[in-house]
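With mmCIF, C-alpha atoms and all ligand atoms inside, this is start37.cif:
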```cif
data_coords
loop_
_atom_site.label_atom_id
_atom_site.label_comp_id
_atom_site.auth_asym_id
_atom_site.auth_seq_id
_atom_site.Cartn_x
_atom_site.Cartn_y
_atom_site.Cartn_z
CA MET A 11 -46.82 45.97 4.67
CA ALA A 12 -48.41 46.31 8.08
CA LEU A 13 -48.46 43.64 10.72
CA GLU A 14 -50.18 43.19 14.01
CA HIS A 15 -47.82 41.20 16.19
CA GLN A 16 -47.60 40.31 19.87
CA SER A 17 -45.11 42.30 21.90
CA ARG A 18 -44.22 41.54 25.52
CA LEU A 19 -46.99 43.72 26.89
CA GLN A 20 -49.74 44.04 24.38
CA ARG A 21 -50.69 43.91 20.74
CA SER A 22 -48.47 46.03 18.57
CA ILE A 23 -48.26 47.25 15.01
CA LEU A 24 -45.23 47.07 12.76
CA VAL A 25 -45.03 48.72 9.33
CA VAL A 26 -42.38 47.32 7.01
CA GLU A 27 -41.52 49.76 4.19
CA ARG A 28 -38.82 48.92 1.67
CA ASP A 29 -38.35 52.59 0.72
CA SER A 30 -39.30 55.04 3.43
CA SER A 31 -38.76 57.99 1.06
CA LEU A 32 -41.80 56.65 -0.87
CA GLN A 33 -39.94 57.89 -3.96
CA TYR A 34 -41.27 55.20 -6.29
CA SER A 35 -44.64 54.68 -4.64
CA ALA A 36 -47.94 55.42 -6.35
CA THR A 37 -48.64 57.76 -3.42
CA LYS A 38 -45.74 60.02 -4.41
CA ALA A 39 -46.84 60.06 -8.08
CA SER A 40 -50.49 60.78 -7.33
CA ASN A 41 -52.34 63.76 -8.80
CA ASN A 42 -54.10 64.02 -5.42
CA CYS A 43 -57.66 64.44 -6.61
CA MET A 44 -60.97 63.20 -5.28
CA ARG A 45 -64.36 62.84 -6.93
CA GLN A 46 -67.77 61.40 -6.25
CA GLN A 47 -68.44 60.74 -9.92
CA PHE A 48 -68.08 56.97 -9.79
CA ALA A 49 -70.29 54.30 -11.32
CA THR A 50 -70.50 51.98 -8.31
CA LYS A 51 -72.30 52.76 -5.06
CA ILE A 52 -69.46 51.72 -2.82
CA ASN A 53 -66.99 54.04 -4.59
CA VAL A 54 -69.31 57.02 -4.22
CA GLU A 55 -69.69 56.25 -0.50
CA ILE A 56 -65.93 55.86 -0.08
CA ALA A 57 -65.40 59.24 -1.80
CA GLN A 58 -67.94 60.88 0.51
CA TYR A 59 -66.16 59.40 3.52
CA ALA A 60 -62.86 60.75 2.13
CA ALA A 61 -64.25 64.27 1.73
CA ASP A 62 -65.51 64.22 5.31
CA PHE A 63 -62.19 62.83 6.56
CA VAL A 64 -60.13 65.47 4.76
CA LYS A 65 -62.29 68.30 6.06
CA ARG A 66 -61.95 67.04 9.64
CA PHE A 67 -58.30 65.99 9.35
CA GLY A 68 -56.98 68.46 11.91
CA ASN A 69 -59.56 67.33 14.48
CA TYR A 70 -58.01 63.86 14.66
CA PHE A 71 -54.86 65.35 16.17
CA GLY A 72 -56.32 67.12 19.17
CA SER A 73 -55.09 70.66 19.69
CA ASP A 74 -51.77 70.43 17.84
CA PRO A 75 -51.62 73.78 15.99
CA CYS A 76 -49.09 72.45 13.48
CA VAL A 77 -51.46 69.90 11.97
CA PRO A 78 -52.48 70.90 8.49
CA ASN A 79 -56.18 71.26 7.93
CA PRO A 80 -56.04 71.34 4.18
CA PRO A 81 -59.18 72.26 2.35
CA ILE A 82 -60.43 70.39 -0.68
CA ARG A 83 -59.86 72.75 -3.58
CA ASP A 84 -63.22 71.95 -5.09
CA PHE A 85 -62.97 73.04 -8.67
CA GLY A 86 -64.86 69.83 -9.44
CA TYR A 87 -64.54 67.12 -12.08
CA LEU A 88 -65.97 67.80 -15.53
CA TYR A 89 -66.54 64.77 -17.78
CA LEU A 90 -66.96 65.87 -21.41
CA SER A 91 -69.09 63.76 -23.74
CA ASP A 92 -68.93 63.93 -27.53
CA SER A 93 -71.54 61.22 -28.21
CA LYS A 94 -75.12 60.31 -27.33
CA ASP A 95 -73.91 56.91 -26.07
CA PHE A 96 -71.50 58.42 -23.56
CA THR A 97 -74.10 60.97 -22.49
CA GLN A 98 -76.37 58.06 -21.59
CA VAL A 99 -73.60 56.59 -19.46
CA LEU A 100 -73.08 59.93 -17.70
CA GLU A 101 -76.83 60.26 -17.10
CA LYS A 102 -77.06 56.80 -15.59
CA ASP A 103 -74.09 57.49 -13.32
CA GLN A 104 -75.51 60.88 -12.35
CA GLN A 105 -78.74 59.21 -11.18
CA LEU A 106 -76.80 56.85 -8.91
CA GLN A 107 -74.58 59.67 -7.60
CA SER A 108 -77.57 61.90 -6.99
CA GLN A 109 -79.44 59.15 -5.08
CA LEU A 110 -76.40 58.94 -2.80
CA GLY A 111 -76.37 62.69 -2.21
CA ALA A 112 -73.64 63.78 -4.62
CA GLY A 113 -74.18 67.07 -6.43
CA THR A 114 -73.47 65.88 -10.00
CA GLN A 115 -75.31 67.71 -12.76
CA ILE A 116 -75.60 66.99 -16.46
CA LEU A 117 -74.81 70.06 -18.56
CA SER A 118 -75.40 70.76 -22.23
CA GLY A 119 -72.45 71.84 -24.39
CA LYS A 120 -73.95 75.35 -24.35
CA THR A 121 -73.99 75.46 -20.55
CA VAL A 122 -70.39 74.26 -20.43
CA LYS A 123 -69.48 77.21 -22.67
CA GLU A 124 -71.39 79.64 -20.45
CA LYS A 125 -69.71 78.40 -17.28
CA TYR A 126 -66.24 77.93 -18.78
CA PRO A 127 -65.97 80.23 -21.83
CA PHE A 128 -62.37 79.14 -22.58
CA PHE A 129 -63.44 75.67 -23.79
CA HIS A 130 -63.97 74.71 -27.40
CA THR A 131 -67.36 72.98 -27.15
CA ASP A 132 -68.59 72.59 -30.77
CA ASP A 133 -68.06 68.81 -30.71
CA LEU A 134 -69.66 68.25 -27.29
CA ASP A 135 -72.97 66.54 -26.66
CA SER A 136 -73.00 67.07 -22.90
CA ALA A 137 -70.90 67.01 -19.73
CA SER A 138 -71.26 66.05 -16.09
CA LEU A 139 -69.99 68.29 -13.31
CA ASN A 140 -69.88 68.28 -9.52
CA THR A 141 -68.12 71.06 -7.65
CA LYS A 142 -69.00 69.95 -4.14
CA ASP A 143 -66.22 68.01 -2.42
CA GLU A 144 -64.55 67.20 -5.75
CA GLY A 145 -61.13 68.54 -6.62
CA CYS A 146 -57.62 68.22 -5.21
CA PHE A 147 -56.30 67.84 -1.69
CA ASN A 148 -52.96 67.38 0.07
CA ALA A 149 -52.89 63.57 0.10
CA LEU A 150 -49.12 63.24 0.53
CA GLY A 151 -49.09 65.77 3.39
CA MET A 152 -51.76 63.73 5.14
CA VAL A 153 -49.77 60.51 4.68
CA GLU A 154 -46.71 62.16 6.24
CA TRP A 155 -48.78 63.40 9.18
CA MET A 156 -50.40 60.02 9.73
CA ARG A 157 -46.97 58.40 9.65
CA SER A 158 -45.47 60.69 12.23
CA ALA A 159 -48.58 60.68 14.45
CA SER A 160 -48.79 56.87 14.41
CA CYS A 161 -45.07 56.66 15.33
CA GLU A 162 -45.69 58.93 18.29
CA ASN A 163 -48.55 56.65 19.32
CA GLY A 164 -46.51 53.46 19.34
CA VAL A 165 -46.60 52.13 15.78
CA GLU A 166 -43.16 50.86 14.80
CA TYR A 167 -41.76 51.50 11.30
CA VAL A 168 -38.82 49.59 9.87
CA SER A 169 -37.01 50.29 6.66
CA ASN A 170 -36.78 46.78 5.22
CA GLU A 171 -38.41 44.47 2.72
CA VAL A 172 -40.70 41.49 3.24
CA VAL A 173 -39.15 38.67 1.22
CA ASN A 174 -40.96 35.62 2.56
CA LEU A 175 -44.19 34.60 4.26
CA PHE A 176 -44.51 31.41 6.29
CA VAL A 177 -47.92 29.78 5.84
CA VAL A 178 -48.87 26.90 8.14
CA ASN A 179 -52.37 25.39 8.28
CA ASP A 180 -53.90 28.22 6.25
CA GLN A 181 -52.43 30.95 8.47
CA VAL A 182 -49.47 33.24 7.82
CA GLU A 183 -47.44 32.65 10.97
CA ALA A 184 -44.46 34.88 10.27
CA ILE A 185 -42.70 37.08 7.77
CA GLU A 186 -39.07 37.18 6.79
CA LEU A 187 -37.26 40.44 6.06
CA ARG A 188 -34.45 41.01 3.57
CA ASP A 189 -31.83 40.96 6.38
CA GLY A 190 -33.01 37.48 7.49
CA GLN A 191 -35.10 38.55 10.51
CA LYS A 192 -38.19 36.44 11.09
CA ILE A 193 -41.12 38.10 12.81
CA ARG A 194 -44.22 36.30 14.05
CA ALA A 195 -47.51 38.07 13.51
CA SER A 196 -51.15 37.37 14.21
CA LYS A 197 -52.46 39.47 11.30
CA ILE A 198 -50.68 40.64 8.17
CA VAL A 199 -51.85 43.36 5.77
CA ASN A 200 -50.58 43.37 2.21
CA ALA A 201 -50.53 47.06 1.25
CA ALA A 202 -47.62 46.75 -1.17
CA GLY A 203 -49.02 48.87 -4.02
CA THR A 204 -47.68 47.79 -7.42
CA ARG A 205 -45.76 44.99 -5.69
CA ALA A 206 -48.91 43.57 -4.10
CA SER A 207 -49.03 40.53 -6.39
CA GLN A 208 -45.33 39.84 -5.71
CA VAL A 209 -46.02 39.85 -1.95
CA ALA A 210 -49.20 37.74 -2.33
CA SER A 211 -47.22 35.15 -4.32
CA LEU A 212 -45.00 34.63 -1.25
CA ALA A 213 -48.07 32.95 0.28
CA GLY A 214 -48.88 31.10 -2.95
CA ILE A 215 -51.68 33.52 -3.86
CA GLU A 216 -52.25 34.93 -7.33
CA LEU A 217 -53.42 38.53 -7.21
CA PRO A 218 -54.62 40.31 -10.40
CA VAL A 219 -52.71 43.54 -9.70
CA GLU A 220 -50.06 44.92 -12.05
CA ALA A 221 -48.09 48.15 -12.63
CA ARG A 222 -49.36 50.36 -15.47
CA ARG A 223 -47.66 53.51 -16.74
CA ARG A 224 -49.33 56.91 -16.22
CA TYR A 225 -47.81 60.22 -17.37
CA THR A 226 -48.20 63.55 -15.58
CA TYR A 227 -47.01 66.94 -16.87
CA ILE A 228 -47.15 70.36 -15.22
CA PHE A 229 -47.30 73.26 -17.66
CA SER A 230 -47.65 77.02 -17.69
CA VAL A 231 -49.18 79.27 -20.36
CA GLU A 232 -48.60 82.89 -21.35
CA ARG A 233 -52.07 84.00 -20.30
CA PRO A 234 -53.58 81.88 -17.48
CA LEU A 235 -57.32 81.26 -17.36
CA GLU A 236 -59.38 83.70 -15.35
CA GLN A 237 -60.98 80.99 -13.25
CA ASP A 238 -60.03 77.56 -11.91
CA LEU A 239 -59.99 74.77 -14.46
CA PRO A 240 -62.00 71.79 -13.17
CA LEU A 241 -60.39 68.38 -13.54
CA THR A 242 -61.62 67.96 -17.09
CA ILE A 243 -61.78 64.51 -18.63
CA ASP A 244 -61.61 65.03 -22.38
CA PRO A 245 -63.33 62.38 -24.56
CA SER A 246 -59.79 61.37 -25.66
CA GLY A 247 -58.98 60.21 -22.10
CA VAL A 248 -56.52 63.07 -21.44
CA HIS A 249 -57.39 64.86 -18.18
CA PHE A 250 -56.21 68.30 -17.06
CA ARG A 251 -56.84 70.73 -14.24
CA SER A 252 -55.58 73.78 -12.38
CA TYR A 253 -52.41 72.95 -10.44
CA THR A 254 -51.28 75.99 -8.47
CA GLU A 255 -52.71 79.46 -9.12
CA ASN A 256 -51.26 80.01 -12.60
CA ASP A 257 -50.24 76.63 -13.93
CA TYR A 258 -51.87 73.35 -14.87
CA LEU A 259 -51.55 69.58 -14.55
CA VAL A 260 -52.31 67.12 -17.31
CA GLY A 261 -52.21 63.33 -17.22
CA CYS A 262 -52.91 60.41 -19.50
CA PRO A 263 -52.40 56.68 -20.01
CA PRO A 264 -49.85 55.48 -22.59
CA ILE A 265 -50.46 56.00 -26.31
CA GLU A 266 -49.11 52.52 -26.84
CA PRO A 267 -51.33 49.70 -25.49
CA ASP A 268 -51.87 50.05 -21.74
CA VAL A 269 -50.03 46.93 -20.55
CA ALA A 270 -48.23 45.72 -17.43
CA VAL A 271 -44.75 47.15 -16.95
CA ASP A 272 -41.86 46.21 -14.69
CA VAL A 273 -42.35 47.77 -11.24
CA ASN A 274 -38.85 49.25 -11.47
CA ASP A 275 -39.31 50.81 -14.91
CA PHE A 276 -40.01 54.54 -14.60
CA THR A 277 -38.91 55.56 -18.08
CA PHE A 278 -41.08 57.63 -20.39
CA ALA A 279 -41.63 55.11 -23.16
CA GLU A 280 -42.91 57.71 -25.61
CA ASP A 281 -43.30 61.46 -26.05
CA ALA A 282 -46.90 61.63 -24.81
CA TRP A 283 -46.78 65.43 -24.56
CA LYS A 284 -45.91 65.98 -28.20
CA GLU A 285 -47.80 63.08 -29.73
CA LYS A 286 -50.99 63.21 -27.71
CA ILE A 287 -51.38 65.76 -24.94
CA PHE A 288 -50.43 69.06 -26.54
CA PRO A 289 -52.65 68.65 -29.64
CA ILE A 290 -55.61 67.71 -27.42
CA ILE A 291 -55.32 70.41 -24.75
CA SER A 292 -54.62 73.21 -27.25
CA ALA A 293 -57.65 72.17 -29.34
CA ARG A 294 -59.91 72.01 -26.29
CA ILE A 295 -58.61 75.28 -24.79
CA PRO A 296 -57.06 77.50 -27.50
CA GLN A 297 -55.48 79.64 -24.74
CA PHE A 298 -53.27 76.60 -24.02
CA SER A 299 -51.53 76.86 -27.40
CA THR A 300 -48.63 78.59 -25.57
CA ALA A 301 -48.27 75.72 -23.07
CA ARG A 302 -44.74 75.02 -21.85
CA ILE A 303 -43.78 72.02 -19.69
CA THR A 304 -42.31 72.94 -16.30
CA ASN A 305 -42.25 69.49 -14.69
CA SER A 306 -43.23 65.90 -15.47
CA TRP A 307 -43.20 62.45 -13.92
CA MET A 308 -44.15 58.91 -14.76
CA GLY A 309 -45.88 56.87 -12.07
CA HIS A 310 -47.49 53.46 -11.87
CA TYR A 311 -51.12 52.68 -11.20
CA GLU A 312 -51.50 49.51 -9.10
CA PHE A 313 -54.03 48.26 -11.60
CA ASN A 314 -56.54 45.53 -10.71
CA THR A 315 -57.07 43.75 -14.02
CA PHE A 316 -60.04 41.79 -12.64
CA ASP A 317 -62.42 44.75 -12.17
CA HIS A 318 -60.46 48.03 -11.67
CA ASN A 319 -61.49 48.23 -8.02
CA ALA A 320 -59.71 48.02 -4.68
CA ILE A 321 -59.37 44.66 -2.92
CA VAL A 322 -59.98 45.18 0.78
CA GLY A 323 -60.22 42.43 3.40
CA PRO A 324 -58.98 38.92 4.16
CA HIS A 325 -57.99 36.18 1.74
CA SER A 326 -60.75 33.56 1.39
CA ASN A 327 -58.75 30.71 2.96
CA ILE A 328 -55.82 32.36 4.74
CA ASP A 329 -57.98 34.65 6.83
CA ASN A 330 -55.22 36.33 8.85
CA PHE A 331 -53.74 37.67 5.58
CA LEU A 332 -55.57 40.87 4.59
CA PHE A 333 -55.38 42.96 1.43
CA CYS A 334 -55.57 46.71 0.96
CA VAL A 335 -54.49 46.88 -2.67
CA GLY A 336 -55.47 47.29 -6.33
CA PHE A 337 -56.78 50.86 -6.17
CA SER A 338 -56.40 51.31 -9.94
CA GLY A 339 -55.81 55.05 -9.88
CA HIS A 340 -58.04 56.17 -7.04
CA GLY A 341 -56.17 55.07 -3.94
CA SER A 342 -55.28 58.51 -2.58
CA GLN A 343 -58.94 59.30 -2.03
CA GLN A 344 -59.83 55.73 -0.99
CA ALA A 345 -57.11 55.44 1.64
CA PRO A 346 -59.13 56.98 4.52
CA ALA A 347 -62.12 54.62 4.17
CA CYS A 348 -60.13 51.52 3.24
CA GLY A 349 -57.46 52.08 5.89
CA ARG A 350 -60.14 52.51 8.51
CA GLY A 351 -61.98 49.43 7.22
CA ILE A 352 -58.86 47.27 7.57
CA ALA A 353 -58.29 48.61 11.10
CA GLU A 354 -61.89 47.73 12.00
CA LEU A 355 -61.50 44.20 10.63
CA ILE A 356 -58.40 43.74 12.78
CA VAL A 357 -59.86 45.21 15.96
CA TYR A 358 -63.53 44.15 15.75
CA GLY A 359 -63.55 41.43 13.08
CA VAL A 360 -66.21 43.35 11.08
CA PHE A 361 -66.57 46.62 9.18
CA LYS A 362 -68.22 49.24 11.41
CA THR A 363 -68.06 52.65 9.71
CA LEU A 364 -68.65 51.67 6.10
CA ASP A 365 -69.45 48.19 4.83
CA LEU A 366 -66.63 47.50 2.37
CA SER A 367 -67.54 43.86 1.77
CA ALA A 368 -68.30 44.64 -1.91
CA LEU A 369 -64.51 45.02 -2.23
CA SER A 370 -63.69 41.66 -0.64
CA TYR A 371 -61.00 39.39 -2.05
CA ASP A 372 -63.61 36.64 -2.29
CA ARG A 373 -65.18 38.14 -5.42
CA ILE A 374 -62.07 37.09 -7.37
CA PRO A 375 -62.18 33.28 -6.87
CA ARG A 376 -65.98 33.47 -7.19
CA GLY A 377 -65.64 35.22 -10.56
CA LEU A 378 -67.91 38.12 -9.55
CA PRO A 379 -66.28 41.37 -10.73
CA LEU A 380 -67.47 44.71 -9.36
CA LEU A 381 -66.77 46.63 -12.54
CA GLU A 382 -65.91 50.31 -12.11
CA ARG A 383 -66.55 51.95 -15.44
CA ALA A 384 -65.50 55.42 -14.34
CA VAL A 385 -61.74 54.85 -14.39
CA ILE A 386 -59.46 57.72 -15.36
C1 LIG B 1 -49.80 59.27 -11.96
C2 LIG B 1 -50.79 58.88 -10.90
C3 LIG B 1 -51.84 59.72 -10.59
C4 LIG B 1 -52.75 59.37 -9.60
N1 LIG B 1 -53.75 60.25 -9.28
C5 LIG B 1 -54.63 59.93 -8.31
C6 LIG B 1 -55.64 60.84 -7.93
O1 LIG B 1 -55.74 61.95 -8.45
N2 LIG B 1 -56.51 60.49 -6.95
C7 LIG B 1 -56.43 59.27 -6.34
O2 LIG B 1 -57.26 58.98 -5.48
N3 LIG B 1 -55.47 58.38 -6.65
C8 LIG B 1 -54.57 58.69 -7.62
N4 LIG B 1 -53.60 57.80 -7.96
C9 LIG B 1 -53.58 56.49 -7.33
C10 LIG B 1 -52.95 56.55 -5.96
O3 LIG B 1 -51.76 57.28 -6.00
C11 LIG B 1 -52.68 55.12 -5.49
O4 LIG B 1 -53.84 54.33 -5.67
C12 LIG B 1 -52.30 55.09 -4.01
O5 LIG B 1 -51.28 56.02 -3.75
C13 LIG B 1 -51.88 53.68 -3.65
O6 LIG B 1 -51.33 53.71 -2.37
P1 LIG B 1 -50.69 52.39 -1.79
O7 LIG B 1 -50.21 52.74 -0.43
O8 LIG B 1 -51.63 51.25 -1.96
O9 LIG B 1 -49.46 52.07 -2.76
P2 LIG B 1 -48.03 52.78 -2.80
O10 LIG B 1 -48.15 54.24 -2.56
O11 LIG B 1 -47.35 52.34 -4.05
O12 LIG B 1 -47.30 52.18 -1.53
C14 LIG B 1 -46.91 50.83 -1.48
C15 LIG B 1 -45.65 50.77 -0.66
O13 LIG B 1 -45.34 49.40 -0.40
C16 LIG B 1 -43.94 49.28 -0.34
N5 LIG B 1 -43.58 47.87 -0.58
C17 LIG B 1 -43.85 47.16 -1.70
N6 LIG B 1 -43.42 45.89 -1.54
C18 LIG B 1 -42.87 45.79 -0.31
C19 LIG B 1 -42.25 44.75 0.42
N7 LIG B 1 -42.12 43.52 -0.09
N8 LIG B 1 -41.80 45.03 1.66
C20 LIG B 1 -41.94 46.26 2.20
N9 LIG B 1 -42.51 47.30 1.55
C21 LIG B 1 -42.97 47.07 0.31
C22 LIG B 1 -43.44 50.21 -1.46
O14 LIG B 1 -42.10 50.61 -1.24
C23 LIG B 1 -44.44 51.36 -1.40
O15 LIG B 1 -43.94 52.48 -0.70
C24 LIG B 1 -52.64 58.12 -8.93
C25 LIG B 1 -51.58 57.27 -9.23
C26 LIG B 1 -50.65 57.64 -10.20
C27 LIG B 1 -49.51 56.70 -10.51
#
```
Would you kindly transcribe this structure into structure tokens?
Amino acid sequence: MALEHQSRLQRSILVVERDSSLQYSATKASNNCMRQQFATKINVEIAQYAADFVKRFGNYFGSDPCVPNPPIRDFGYLYLSDSKDFTQVLEKDQQLQSQLGAGTQILSGKTVKEKYPFFHTDDLDSASLNTKDEGCFNALGMVEWMRSASCENGVEYVSNEVVNLFVVNDQVEAIELRDGQKIRASKIVNAAGTRASQVASLAGIELPVEARRRYTYIFSVERPLEQDLPLTIDPSGVHFRSYTENDYLVGCPPIEPDVAVDVNDFTFAEDAWKEKIFPIISARIPQFSTARITNSWMGHYEFNTFDHNAIVGPHSNIDNFLFCVGFSGHGSQQAPACGRGIAELIVYGVFKTLDLSALSYDRIPRGLPLLERAVI
């Protein structure tokens, strides 16, 4: 939760974080990838902004030699299609992405085999691939740097929990923290991840955001591939990619129905590796038949059930209560554009860098979803 509140001298910013280790946040669980292969214009533009932001990250910190300037490891995203219907979807999305300047190409199964000989491709109809500014980046490292740099520049962080919001005449006037402190604020940003709907309900607002399980496994193989593995989205929904030099990351949604779970429940409800992942990855890449798990974690998507897209901007009636939530699995890459957008709304009252109004809260009460088909 971030607040803009009045201090003695000037406007100030307070960030309230219930767990400053971020241990159970979506940010900590992220697979840290970015792509421009989205199906909505705004998401492609946000991804392009993210790529630019990551590449210039060090520049935002002046001459500090310690600031990481992490590259995007652009092995690309590779969507595999095993049907004519899905190929048509990929082609339609490629046209949009290409109009916006993204380098997505549609490949035949044969071309996939030529470029990446380790794949089994007999069942494939086509694939889409972009290796420019798509891949993984050090999202968590950037969050840590932003946190320490903002502290040095006067932003205050408190380790506490927002437990109440005081709404008077359609304005949130103050928040209450777990230890009973009440703090007045002129603007309040709900950036509470999987708990966003819980925080919104403190102001009597229903928000269609819920926690959904997502599994991640890191594995090694006896004989690593001779080239980077793009983030490959198998037709089954399992996705896998190069992790470090010689090992790999694989992720997937639950085998059981993908439903809301308790925000505190981080158990593995099923053996996704054995029942789903291993059979799929070893069939797609026979060299992976020696795969051995070296690490795994279960994280929660902050899933927007209304249209799988972020909600960015003020509530329709309580206009000093802003949202930056509901990223549905792509918040690491959307943080730069959406964070900046929220800052612009607070400082200028309008979006300046990128018009994010397509992601406004208002689309929810108006029943106008901005459906993002390309969800992983
Ligand atoms: C397994 C997995 C893989 C992913 N892979 C990718 C990827 O490859 N690329 C990508 O772009 N995105 C990915 N994501 C999504 C991305 O991680 C999230 O969208 C993003 O991190 C959301 O950030 P956030 O700050 O909104 O939420 P969070 O990181 O969850 O942060 C919310 C914070 O709010 C705090 N909080 C909650 N309630 C309160 C309260 N009442 N008071 C005070 N503090 C509170 C919490 O403690 C938490 O730290 C992935 C997510 C998961 C789970």
(request) Show me which residues sit within 7 Å of ligand LIG 1 (chain B) when counting all atoms listed in the file, and put them as a PyMOL selection string. (result) chain A and resi 11+26-30+32+34-44+170-173+201-206+209+224-226+308-312+334-335+337-344
Write a file of the selected residues as a short mmCIF file (atom, residue, chain, number, x, y, z; two decimals), keeping the file's coordinate frame, keeping C-alpha atoms.
```
data_model
loop_
_atom_site.label_atom_id
_atom_site.label_comp_id
_atom_site.auth_asym_id
_atom_site.auth_seq_id
_atom_site.Cartn_x
_atom_site.Cartn_y
_atom_site.Cartn_z
CA MET A 11 -46.82 45.97 4.67
CA VAL A 26 -42.38 47.32 7.01
CA GLU A 27 -41.52 49.76 4.19
CA ARG A 28 -38.82 48.92 1.67
CA ASP A 29 -38.35 52.59 0.72
CA SER A 30 -39.30 55.04 3.43
CA LEU A 32 -41.80 56.65 -0.87
CA TYR A 34 -41.27 55.20 -6.29
CA SER A 35 -44.64 54.68 -4.64
CA ALA A 36 -47.94 55.42 -6.35
CA THR A 37 -48.64 57.76 -3.42
CA LYS A 38 -45.74 60.02 -4.41
CA ALA A 39 -46.84 60.06 -8.08
CA SER A 40 -50.49 60.78 -7.33
CA ASN A 41 -52.34 63.76 -8.80
CA ASN A 42 -54.10 64.02 -5.42
CA CYS A 43 -57.66 64.44 -6.61
CA MET A 44 -60.97 63.20 -5.28
CA ASN A 170 -36.78 46.78 5.22
CA GLU A 171 -38.41 44.47 2.72
CA VAL A 172 -40.70 41.49 3.24
CA VAL A 173 -39.15 38.67 1.22
CA ALA A 201 -50.53 47.06 1.25
CA ALA A 202 -47.62 46.75 -1.17
CA GLY A 203 -49.02 48.87 -4.02
CA THR A 204 -47.68 47.79 -7.42
CA ARG A 205 -45.76 44.99 -5.69
CA ALA A 206 -48.91 43.57 -4.10
CA VAL A 209 -46.02 39.85 -1.95
CA ARG A 224 -49.33 56.91 -16.22
CA TYR A 225 -47.81 60.22 -17.37
CA THR A 226 -48.20 63.55 -15.58
CA MET A 308 -44.15 58.91 -14.76
CA GLY A 309 -45.88 56.87 -12.07
CA HIS A 310 -47.49 53.46 -11.87
CA TYR A 311 -51.12 52.68 -11.20
CA GLU A 312 -51.50 49.51 -9.10
CA CYS A 334 -55.57 46.71 0.96
CA VAL A 335 -54.49 46.88 -2.67
CA PHE A 337 -56.78 50.86 -6.17
CA SER A 338 -56.40 51.31 -9.94
CA GLY A 339 -55.81 55.05 -9.88
CA HIS A 340 -58.04 56.17 -7.04
CA GLY A 341 -56.17 55.07 -3.94
CA SER A 342 -55.28 58.51 -2.58
CA GLN A 343 -58.94 59.30 -2.03
CA GLN A 344 -59.83 55.73 -0.99
#
```
(request) Quote the spacing between CA of Leu259 (chain A) and CA of Leu381 (chain A) in Å to one decimal place. (result) 27.6 Å
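Shortest separation to Val178 (chain A) among A:Val385, A:Ile356, A:Ala213, A:Ile82 occurs at residue A:Ala213, atoms counted being only C-alpha atoms.
Among the candidates A:Ala345, A:Ala270, A:Ile215, A:Ile265, the one nearest to Tyr371 (chain A) when counting only C-alpha atoms is A:Ile215.
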(request) Using CA of Leu369 (chain A) and CA of Gly323 (chain A) as the two end points, give the distance in Å to one decimal. (result) 7.5 Å
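The nearest approach to Val269 (chain A) among the residues A:Gln237, A:Thr315, A:Thr97, A:Ser118, with all atoms listed in the file taken into account, belongs to A:Thr315.
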(request) Name the residues in contact with Phe96 (chain A) at a cut-off of 10 Å, using all atoms listed in the file, excluding same-chain residues fewer than 4 positions from it; report them as a PyMOL selection string. (result) chain A and resi 89-92+100-102+135-137+245
Have region 277-284 of chain A completed to N, CA, C and O atoms, please, and pass it along as a PDB file, in the frame of the given file.
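What ended up in part-v2.pdb:
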```
ATOM      1  N   THR A 277     -39.267  54.782 -16.899  1.00  0.00           N
ATOM      2  CA  THR A 277     -38.910  55.560 -18.080  1.00  0.00           C
ATOM      3  C   THR A 277     -40.177  56.063 -18.784  1.00  0.00           C
ATOM      4  O   THR A 277     -41.246  55.456 -18.674  1.00  0.00           O
ATOM      5  N   PHE A 278     -40.015  57.173 -19.497  1.00  0.00           N
ATOM      6  CA  PHE A 278     -41.080  57.630 -20.390  1.00  0.00           C
ATOM      7  C   PHE A 278     -40.910  56.843 -21.688  1.00  0.00           C
ATOM      8  O   PHE A 278     -39.949  57.064 -22.410  1.00  0.00           O
ATOM      9  N   ALA A 279     -41.837  55.968 -21.988  1.00  0.00           N
ATOM     10  CA  ALA A 279     -41.630  55.110 -23.160  1.00  0.00           C
ATOM     11  C   ALA A 279     -41.893  55.849 -24.457  1.00  0.00           C
ATOM     12  O   ALA A 279     -41.522  55.389 -25.526  1.00  0.00           O
ATOM     13  N   GLU A 280     -42.531  56.991 -24.384  1.00  0.00           N
ATOM     14  CA  GLU A 280     -42.910  57.710 -25.610  1.00  0.00           C
ATOM     15  C   GLU A 280     -43.057  59.188 -25.260  1.00  0.00           C
ATOM     16  O   GLU A 280     -43.147  59.547 -24.091  1.00  0.00           O
ATOM     17  N   ASP A 281     -43.143  60.023 -26.278  1.00  0.00           N
ATOM     18  CA  ASP A 281     -43.300  61.460 -26.050  1.00  0.00           C
ATOM     19  C   ASP A 281     -44.803  61.790 -26.028  1.00  0.00           C
ATOM     20  O   ASP A 281     -45.350  62.303 -27.004  1.00  0.00           O
ATOM     21  N   ALA A 282     -45.439  61.473 -24.904  1.00  0.00           N
ATOM     22  CA  ALA A 282     -46.900  61.630 -24.810  1.00  0.00           C
ATOM     23  C   ALA A 282     -47.303  63.097 -24.954  1.00  0.00           C
ATOM     24  O   ALA A 282     -48.370  63.397 -25.486  1.00  0.00           O
ATOM     25  N   TRP A 283     -46.447  64.003 -24.470  1.00  0.00           N
ATOM     26  CA  TRP A 283     -46.780  65.430 -24.560  1.00  0.00           C
ATOM     27  C   TRP A 283     -46.936  65.833 -26.031  1.00  0.00           C
ATOM     28  O   TRP A 283     -47.953  66.397 -26.427  1.00  0.00           O
ATOM     29  N   LYS A 284     -45.923  65.532 -26.813  1.00  0.00           N
ATOM     30  CA  LYS A 284     -45.910  65.980 -28.200  1.00  0.00           C
ATOM     31  C   LYS A 284     -46.940  65.213 -29.041  1.00  0.00           C
ATOM     32  O   LYS A 284     -47.683  65.801 -29.830  1.00  0.00           O
TER      33      LYS A 284
END
```
